[in-house]
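**Student:** Sharing protein_39.pdb, PDB, C-alpha atoms, pLDDT in the B column:
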```pdb
MODEL        1
ATOM      1  CA  MET A  63     -20.845 -16.221 -20.668  1.00 84.00           C
ATOM      2  CA  LYS A  64     -19.962 -13.014 -18.875  1.00 91.00           C
ATOM      3  CA  THR A  65     -20.983 -10.096 -21.022  1.00 95.00           C
ATOM      4  CA  LEU A  66     -20.574  -6.391 -20.478  1.00 96.00           C
ATOM      5  CA  ALA A  67     -24.349  -6.077 -20.094  1.00 95.00           C
ATOM      6  CA  ASP A  68     -24.104  -8.341 -17.027  1.00 95.00           C
ATOM      7  CA  PHE A  69     -21.387  -6.315 -15.306  1.00 96.00           C
ATOM      8  CA  GLU A  70     -22.583  -4.300 -12.306  1.00 93.00           C
ATOM      9  CA  PHE A  71     -20.756  -1.009 -12.692  1.00 94.00           C
ATOM     10  CA  SER A  72     -22.736   0.353  -9.738  1.00 92.00           C
ATOM     11  CA  PHE A  73     -21.010  -2.190  -7.478  1.00 91.00           C
ATOM     12  CA  GLN A  74     -17.570  -1.047  -8.687  1.00 92.00           C
ATOM     13  CA  PRO A  75     -18.136   2.711  -9.123  1.00 91.00           C
ATOM     14  CA  GLN A  76     -14.426   3.558  -9.458  1.00 91.00           C
ATOM     15  CA  ILE A  77     -14.387   1.758 -12.832  1.00 95.00           C
ATOM     16  CA  ASN A  78     -14.936   4.184 -15.676  1.00 97.00           C
ATOM     17  CA  GLU A  79     -17.922   2.619 -17.449  1.00 97.00           C
ATOM     18  CA  MET A  80     -17.425   4.790 -20.526  1.00 98.00           C
ATOM     19  CA  GLN A  81     -13.787   3.675 -20.809  1.00 98.00           C
ATOM     20  CA  ILE A  82     -14.815   0.006 -20.699  1.00 98.00           C
ATOM     21  CA  LYS A  83     -17.556   0.564 -23.279  1.00 98.00           C
ATOM     22  CA  ASP A  84     -15.059   2.381 -25.470  1.00 98.00           C
ATOM     23  CA  LEU A  85     -12.690  -0.590 -25.181  1.00 98.00           C
ATOM     24  CA  ALA A  86     -15.594  -2.830 -26.213  1.00 98.00           C
ATOM     25  CA  SER A  87     -15.589  -1.027 -29.569  1.00 98.00           C
ATOM     26  CA  LEU A  88     -12.283  -2.916 -30.061  1.00 98.00           C
ATOM     27  CA  GLY A  89     -10.321   0.079 -31.289  1.00 98.00           C
ATOM     28  CA  PHE A  90      -7.503  -1.040 -28.990  1.00 98.00           C
ATOM     29  CA  MET A  91      -7.089  -4.105 -31.204  1.00 98.00           C
ATOM     30  CA  GLU A  92      -6.633  -1.978 -34.320  1.00 98.00           C
ATOM     31  CA  GLN A  93      -3.703  -0.313 -32.542  1.00 98.00           C
ATOM     32  CA  ALA A  94      -2.317  -3.595 -31.119  1.00 98.00           C
ATOM     33  CA  GLU A  95      -2.768  -2.173 -27.620  1.00 98.00           C
ATOM     34  CA  ASN A  96      -2.996  -4.234 -24.455  1.00 98.00           C
ATOM     35  CA  ILE A  97      -5.316  -4.098 -21.483  1.00 99.00           C
ATOM     36  CA  VAL A  98      -4.265  -4.943 -17.939  1.00 98.00           C
ATOM     37  CA  PHE A  99      -6.860  -5.429 -15.219  1.00 98.00           C
ATOM     38  CA  LEU A 100      -5.360  -5.244 -11.715  1.00 98.00           C
ATOM     39  CA  GLY A 101      -7.142  -5.829  -8.440  1.00 96.00           C
ATOM     40  CA  SER A 102      -7.865  -8.232  -5.635  1.00 94.00           C
ATOM     41  CA  SER A 103      -9.890 -11.402  -6.041  1.00 93.00           C
ATOM     42  CA  GLY A 104     -13.547 -11.095  -6.955  1.00 93.00           C
ATOM     43  CA  VAL A 105     -13.618  -7.483  -8.175  1.00 96.00           C
ATOM     44  CA  GLY A 106     -14.549  -8.290 -11.786  1.00 96.00           C
ATOM     45  CA  LYS A 107     -11.232  -8.494 -13.642  1.00 97.00           C
ATOM     46  CA  THR A 108     -11.993 -11.807 -15.321  1.00 97.00           C
ATOM     47  CA  HIS A 109     -15.577 -10.763 -16.034  1.00 97.00           C
ATOM     48  CA  LEU A 110     -14.413  -7.646 -17.878  1.00 98.00           C
ATOM     49  CA  ALA A 111     -11.654  -9.516 -19.733  1.00 98.00           C
ATOM     50  CA  THR A 112     -14.113 -12.231 -20.758  1.00 98.00           C
ATOM     51  CA  SER A 113     -16.657  -9.618 -21.861  1.00 98.00           C
ATOM     52  CA  LEU A 114     -14.112  -7.993 -24.151  1.00 98.00           C
ATOM     53  CA  GLY A 115     -13.151 -11.424 -25.469  1.00 98.00           C
ATOM     54  CA  ILE A 116     -16.791 -12.204 -26.261  1.00 98.00           C
ATOM     55  CA  GLU A 117     -17.108  -8.862 -28.036  1.00 98.00           C
ATOM     56  CA  SER A 118     -13.978  -9.652 -30.038  1.00 98.00           C
ATOM     57  CA  SER A 119     -15.365 -13.056 -31.033  1.00 98.00           C
ATOM     58  CA  ARG A 120     -18.727 -11.558 -31.987  1.00 98.00           C
ATOM     59  CA  ASN A 121     -16.818  -9.296 -34.347  1.00 98.00           C
ATOM     60  CA  ARG A 122     -15.151 -12.318 -35.958  1.00 98.00           C
ATOM     61  CA  ARG A 123     -11.740 -11.696 -34.454  1.00 98.00           C
ATOM     62  CA  SER A 124      -9.701 -14.691 -33.424  1.00 98.00           C
ATOM     63  CA  THR A 125      -9.737 -14.753 -29.634  1.00 98.00           C
ATOM     64  CA  TYR A 126      -8.250 -17.120 -27.077  1.00 98.00           C
ATOM     65  CA  PHE A 127      -8.749 -17.166 -23.290  1.00 98.00           C
ATOM     66  CA  ILE A 128      -6.411 -19.100 -20.993  1.00 98.00           C
ATOM     67  CA  LYS A 129      -5.444 -19.087 -17.326  1.00 98.00           C
ATOM     68  CA  CYS A 130      -1.782 -18.172 -16.832  1.00 98.00           C
ATOM     69  CA  HIS A 131      -1.036 -21.429 -15.028  1.00 97.00           C
ATOM     70  CA  ASP A 132      -2.525 -23.466 -17.917  1.00 98.00           C
ATOM     71  CA  LEU A 133      -0.591 -21.418 -20.473  1.00 98.00           C
ATOM     72  CA  ILE A 134       2.689 -22.089 -18.678  1.00 98.00           C
ATOM     73  CA  GLN A 135       1.896 -25.807 -18.300  1.00 98.00           C
ATOM     74  CA  ASN A 136       1.049 -26.058 -22.018  1.00 98.00           C
ATOM     75  CA  LEU A 137       4.299 -24.349 -22.964  1.00 98.00           C
ATOM     76  CA  LYS A 138       6.353 -26.519 -20.600  1.00 98.00           C
ATOM     77  CA  SER A 139       4.815 -29.668 -22.065  1.00 98.00           C
ATOM     78  CA  ALA A 140       5.439 -28.437 -25.591  1.00 98.00           C
ATOM     79  CA  LYS A 141       9.055 -27.675 -24.692  1.00 98.00           C
ATOM     80  CA  ASP A 142       9.520 -31.168 -23.242  1.00 98.00           C
ATOM     81  CA  GLU A 143       8.036 -32.663 -26.423  1.00 98.00           C
ATOM     82  CA  GLY A 144      10.156 -30.514 -28.749  1.00 98.00           C
ATOM     83  CA  ARG A 145       7.117 -28.547 -29.966  1.00 98.00           C
ATOM     84  CA  LEU A 146       7.702 -25.218 -28.208  1.00 98.00           C
ATOM     85  CA  GLU A 147       8.069 -23.193 -31.409  1.00 98.00           C
ATOM     86  CA  THR A 148       4.789 -24.561 -32.778  1.00 98.00           C
ATOM     87  CA  ARG A 149       2.988 -23.781 -29.515  1.00 98.00           C
ATOM     88  CA  LEU A 150       4.412 -20.253 -29.358  1.00 98.00           C
ATOM     89  CA  LYS A 151       3.194 -19.637 -32.914  1.00 98.00           C
ATOM     90  CA  HIS A 152      -0.227 -20.949 -31.908  1.00 98.00           C
ATOM     91  CA  TYR A 153      -0.625 -18.398 -29.113  1.00 98.00           C
ATOM     92  CA  ALA A 154       0.956 -15.598 -31.139  1.00 98.00           C
ATOM     93  CA  ARG A 155      -1.509 -15.878 -34.030  1.00 98.00           C
ATOM     94  CA  TYR A 156      -4.677 -14.840 -32.172  1.00 98.00           C
ATOM     95  CA  GLN A 157      -5.819 -11.271 -32.691  1.00 98.00           C
ATOM     96  CA  LEU A 158      -6.693 -11.187 -28.976  1.00 99.00           C
ATOM     97  CA  LEU A 159      -5.080 -13.352 -26.322  1.00 99.00           C
ATOM     98  CA  ILE A 160      -6.470 -13.164 -22.788  1.00 99.00           C
ATOM     99  CA  ILE A 161      -4.127 -14.391 -20.048  1.00 98.00           C
ATOM    100  CA  ASP A 162      -6.081 -14.649 -16.818  1.00 98.00           C
ATOM    101  CA  GLU A 163      -4.766 -14.743 -13.265  1.00 97.00           C
ATOM    102  CA  ILE A 164      -1.077 -13.897 -13.483  1.00 97.00           C
ATOM    103  CA  GLY A 165       0.160 -14.265  -9.920  1.00 93.00           C
ATOM    104  CA  TYR A 166      -2.627 -16.385  -8.476  1.00 91.00           C
ATOM    105  CA  LEU A 167      -0.730 -19.662  -8.583  1.00 91.00           C
ATOM    106  CA  PRO A 168       3.000 -19.901  -7.946  1.00 87.00           C
ATOM    107  CA  LEU A 169       5.284 -20.032 -10.950  1.00 93.00           C
ATOM    108  CA  GLN A 170       8.500 -21.977 -11.024  1.00 95.00           C
ATOM    109  CA  PRO A 171      11.892 -20.477 -11.819  1.00 93.00           C
ATOM    110  CA  GLY A 172      12.199 -20.446 -15.616  1.00 94.00           C
ATOM    111  CA  ASP A 173       8.456 -20.089 -16.246  1.00 97.00           C
ATOM    112  CA  ALA A 174       8.929 -16.342 -16.764  1.00 97.00           C
ATOM    113  CA  ASN A 175      11.022 -17.083 -19.845  1.00 98.00           C
ATOM    114  CA  LEU A 176       8.074 -18.886 -21.442  1.00 98.00           C
ATOM    115  CA  LEU A 177       5.673 -16.070 -20.598  1.00 98.00           C
ATOM    116  CA  PHE A 178       8.151 -13.540 -21.974  1.00 98.00           C
ATOM    117  CA  GLN A 179       8.315 -15.379 -25.291  1.00 98.00           C
ATOM    118  CA  ILE A 180       4.543 -15.086 -25.726  1.00 98.00           C
ATOM    119  CA  ILE A 181       4.430 -11.412 -24.743  1.00 98.00           C
ATOM    120  CA  ASP A 182       7.429 -10.584 -26.915  1.00 98.00           C
ATOM    121  CA  ARG A 183       5.981 -12.291 -30.014  1.00 98.00           C
ATOM    122  CA  ARG A 184       2.734 -10.364 -29.631  1.00 98.00           C
ATOM    123  CA  TYR A 185       4.358  -7.010 -28.797  1.00 98.00           C
ATOM    124  CA  GLU A 186       3.167  -4.257 -31.157  1.00 98.00           C
ATOM    125  CA  LYS A 187       1.531  -6.879 -33.395  1.00 98.00           C
ATOM    126  CA  LYS A 188      -1.485  -8.231 -31.518  1.00 98.00           C
ATOM    127  CA  SER A 189      -3.489  -7.277 -28.448  1.00 98.00           C
ATOM    128  CA  THR A 190      -3.226  -9.056 -25.127  1.00 99.00           C
ATOM    129  CA  ILE A 191      -5.472  -8.715 -22.099  1.00 99.00           C
ATOM    130  CA  VAL A 192      -3.972  -9.693 -18.748  1.00 98.00           C
ATOM    131  CA  THR A 193      -5.594  -9.963 -15.344  1.00 98.00           C
ATOM    132  CA  SER A 194      -3.585 -10.015 -12.138  1.00 98.00           C
ATOM    133  CA  ASN A 195      -3.950  -9.549  -8.417  1.00 96.00           C
ATOM    134  CA  ILE A 196      -0.287  -8.525  -8.177  1.00 96.00           C
ATOM    135  CA  ASN A 197       1.016  -4.978  -8.635  1.00 96.00           C
ATOM    136  CA  PHE A 198       3.749  -4.576 -11.246  1.00 97.00           C
ATOM    137  CA  ASP A 199       6.450  -3.882  -8.668  1.00 95.00           C
ATOM    138  CA  GLU A 200       5.878  -7.403  -7.300  1.00 96.00           C
ATOM    139  CA  TRP A 201       6.052  -9.270 -10.615  1.00 96.00           C
ATOM    140  CA  ALA A 202       9.780  -9.947 -10.245  1.00 96.00           C
ATOM    141  CA  THR A 203       9.014 -11.870  -7.056  1.00 95.00           C
ATOM    142  CA  ILE A 204       6.300 -14.064  -8.551  1.00 95.00           C
ATOM    143  CA  LEU A 205       8.236 -14.597 -11.794  1.00 95.00           C
ATOM    144  CA  HIS A 206      11.528 -15.349  -9.965  1.00 95.00           C
ATOM    145  CA  ASP A 207      13.496 -13.209 -12.405  1.00 96.00           C
ATOM    146  CA  GLU A 208      13.690  -9.424 -12.136  1.00 97.00           C
ATOM    147  CA  ARG A 209      15.208  -8.908 -15.583  1.00 98.00           C
ATOM    148  CA  VAL A 210      12.567 -10.991 -17.381  1.00 97.00           C
ATOM    149  CA  ALA A 211       9.747  -9.553 -15.252  1.00 97.00           C
ATOM    150  CA  ASN A 212      10.832  -6.034 -16.190  1.00 98.00           C
ATOM    151  CA  ALA A 213      10.930  -6.982 -19.872  1.00 98.00           C
ATOM    152  CA  ILE A 214       7.425  -8.477 -19.700  1.00 98.00           C
ATOM    153  CA  VAL A 215       5.985  -5.468 -17.873  1.00 98.00           C
ATOM    154  CA  ASP A 216       7.781  -3.076 -20.241  1.00 98.00           C
ATOM    155  CA  ARG A 217       6.248  -4.720 -23.329  1.00 98.00           C
ATOM    156  CA  LEU A 218       2.798  -5.124 -21.778  1.00 98.00           C
ATOM    157  CA  LEU A 219       2.590  -1.514 -20.631  1.00 98.00           C
ATOM    158  CA  HIS A 220       4.178   0.239 -23.619  1.00 98.00           C
ATOM    159  CA  HIS A 221       0.829   0.433 -25.426  1.00 98.00           C
ATOM    160  CA  ALA A 222      -1.655  -0.419 -22.687  1.00 98.00           C
ATOM    161  CA  HIS A 223      -4.785   0.561 -20.864  1.00 98.00           C
ATOM    162  CA  VAL A 224      -4.281  -0.231 -17.175  1.00 98.00           C
ATOM    163  CA  ILE A 225      -7.461  -0.534 -15.159  1.00 98.00           C
ATOM    164  CA  SER A 226      -7.022  -0.891 -11.408  1.00 97.00           C
ATOM    165  CA  ILE A 227     -10.057  -2.092  -9.500  1.00 96.00           C
ATOM    166  CA  THR A 228     -10.098  -1.488  -5.751  1.00 91.00           C
ATOM    167  CA  GLY A 229     -13.581  -2.501  -4.753  1.00 84.00           C
ATOM    168  CA  ASP A 230     -15.281  -5.262  -2.836  1.00 86.00           C
ATOM    169  CA  SER A 231     -15.584  -8.844  -4.029  1.00 89.00           C
ATOM    170  CA  TYR A 232     -18.722  -9.801  -5.933  1.00 75.00           C
ATOM    171  CA  ARG A 233     -18.432 -13.350  -4.648  1.00 66.00           C
ATOM    172  CA  LEU A 234     -18.245 -12.258  -0.998  1.00 67.00           C
ATOM    173  CA  ARG A 235     -21.187  -9.936  -1.520  1.00 60.00           C
ATOM    174  CA  ASN A 236     -23.223 -12.770  -3.029  1.00 58.00           C
ATOM    175  CA  HIS A 237     -22.223 -15.071  -0.166  1.00 52.00           C
ATOM    176  CA  MET A 238     -23.276 -12.490   2.434  1.00 54.00           C
ATOM    177  CA  GLN A 239     -26.601 -11.907   0.651  1.00 57.00           C
ATOM    178  CA  GLN A 240     -27.330 -15.641   0.662  1.00 63.00           C
ATOM    179  CA  LYS A 241     -26.719 -15.780   4.431  1.00 60.00           C
ATOM    180  CA  GLU A 242     -29.291 -13.027   5.090  1.00 60.00           C
TER     181      GLU A 242
ENDMDL
END
```
Go ahead and express the file in the form of structure tokens.
**Tutor:**
Amino acid sequence: MKTLADFEFSFQPQINEMQIKDLASLGFMEQAENIVFLGSSGVGKTHLATSLGIESSRNRRSTYFIKCHDLIQNLKSAKDEGRLETRLKHYARYQLLIIDEIGYLPLQPGDANLLFQIIDRRYEKKSTIVTSNINFDEWATILHDERVANAIVDRLLHHAHVISITGDSYRLRNHMQQKE
């Protein structure tokens, strides 16, 4: 359980602690706004996304966390089994959906269409938190479809809080401390 109380803002001083605490009040969910955490590996994107998800759950809001790769695999399986519509409805119903690690594992051509369907169903209705190590101008490359990538980014960013984290990795710091 990664809570906001456990996050070391002093290690990532460029993150606006007050902004994150304001987001933890969950007002963004009332407005069906999204949050996008961008940054390299180990800077705290997943920790912050998880913390907001925990806060959402504590406030009795339906919340679902899934890695992007797992989401795509689930949707592909559902499509193969003729249950895609049911699965899309499943992911669309949560008040907060957290999609972690867009861009970490390679996507196949056509996977962007599945991701688009989720983002489009939630657009202006429910909040989505996304974490990625890829800047938006590179999403077309990882999604293999510029048109669909632009549509996903457009919907995600229309009502969004984008938080870019450009600090050091917590994991590398912990590894270096253990070696000392």
**Student:** What's the 7 Å shell around A:Ile227, counting all atoms listed in the file, without same-chain residues fewer than 5 positions away, as a CSV table (one decimal) with C-alpha atoms, in the frame of the given file?
**Tutor:**
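Ended up saving to out.csv:
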```csv
chain,number,residue,atom,x,y,z
A,77,ILE,CA,-14.4,1.8,-12.8
A,100,LEU,CA,-5.4,-5.2,-11.7
A,101,GLY,CA,-7.1,-5.8,-8.4
A,105,VAL,CA,-13.6,-7.5,-8.2
```
**Student:** Starting from the shown file, work through the PyMOL selection byres ((chain A and resi 211-213) around 9) and note down what comes out as a tab-separated table (two decimals) with C-alpha atoms, in the coordinates of the input.
**Tutor:**
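As written to disk, selection.tsv reads:
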```tsv
chain	number	residue	atom	x	y	z
A	174	ALA	CA	8.93	-16.34	-16.76
A	175	ASN	CA	11.02	-17.08	-19.84
A	178	PHE	CA	8.15	-13.54	-21.97
A	182	ASP	CA	7.43	-10.58	-26.92
A	198	PHE	CA	3.75	-4.58	-11.25
A	199	ASP	CA	6.45	-3.88	-8.67
A	201	TRP	CA	6.05	-9.27	-10.62
A	202	ALA	CA	9.78	-9.95	-10.24
A	203	THR	CA	9.01	-11.87	-7.06
A	204	ILE	CA	6.30	-14.06	-8.55
A	205	LEU	CA	8.24	-14.60	-11.79
A	206	HIS	CA	11.53	-15.35	-9.96
A	207	ASP	CA	13.50	-13.21	-12.40
A	208	GLU	CA	13.69	-9.42	-12.14
A	209	ARG	CA	15.21	-8.91	-15.58
A	210	VAL	CA	12.57	-10.99	-17.38
A	214	ILE	CA	7.42	-8.48	-19.70
A	215	VAL	CA	5.98	-5.47	-17.87
A	216	ASP	CA	7.78	-3.08	-20.24
A	217	ARG	CA	6.25	-4.72	-23.33
A	218	LEU	CA	2.80	-5.12	-21.78
```
**Student:** Please define a box with edges along x, y and z of the file around all atoms of stretch 145-149 of chain A given in the file, extend it by 6 Å on each side, and return its centre and edge lengths in Å to one decimal, as JSON.
**Tutor:**
```
{"center_x": 5.5, "center_y": -25.9, "center_z": -30.5, "size_x": 17.1, "size_y": 17.4, "size_z": 16.6}
```
**Student:** Applied to the shown file, which residues does the PyMOL selection byres ((chain A and resi 117-131) around 9) return, written as a PyMOL selection string?
**Tutor:** chain A and resi 65-66+86-88+91+111-116+132-136+153+155-169+177+192
**Student:** To one decimal place, how far is atom CA of A:Gly229 from atom CA of A:Asn195 in Å?
**Tutor:**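 Answer for the atom CA of A:Gly229 to atom CA of A:Asn195 separation: 12.5 Å.
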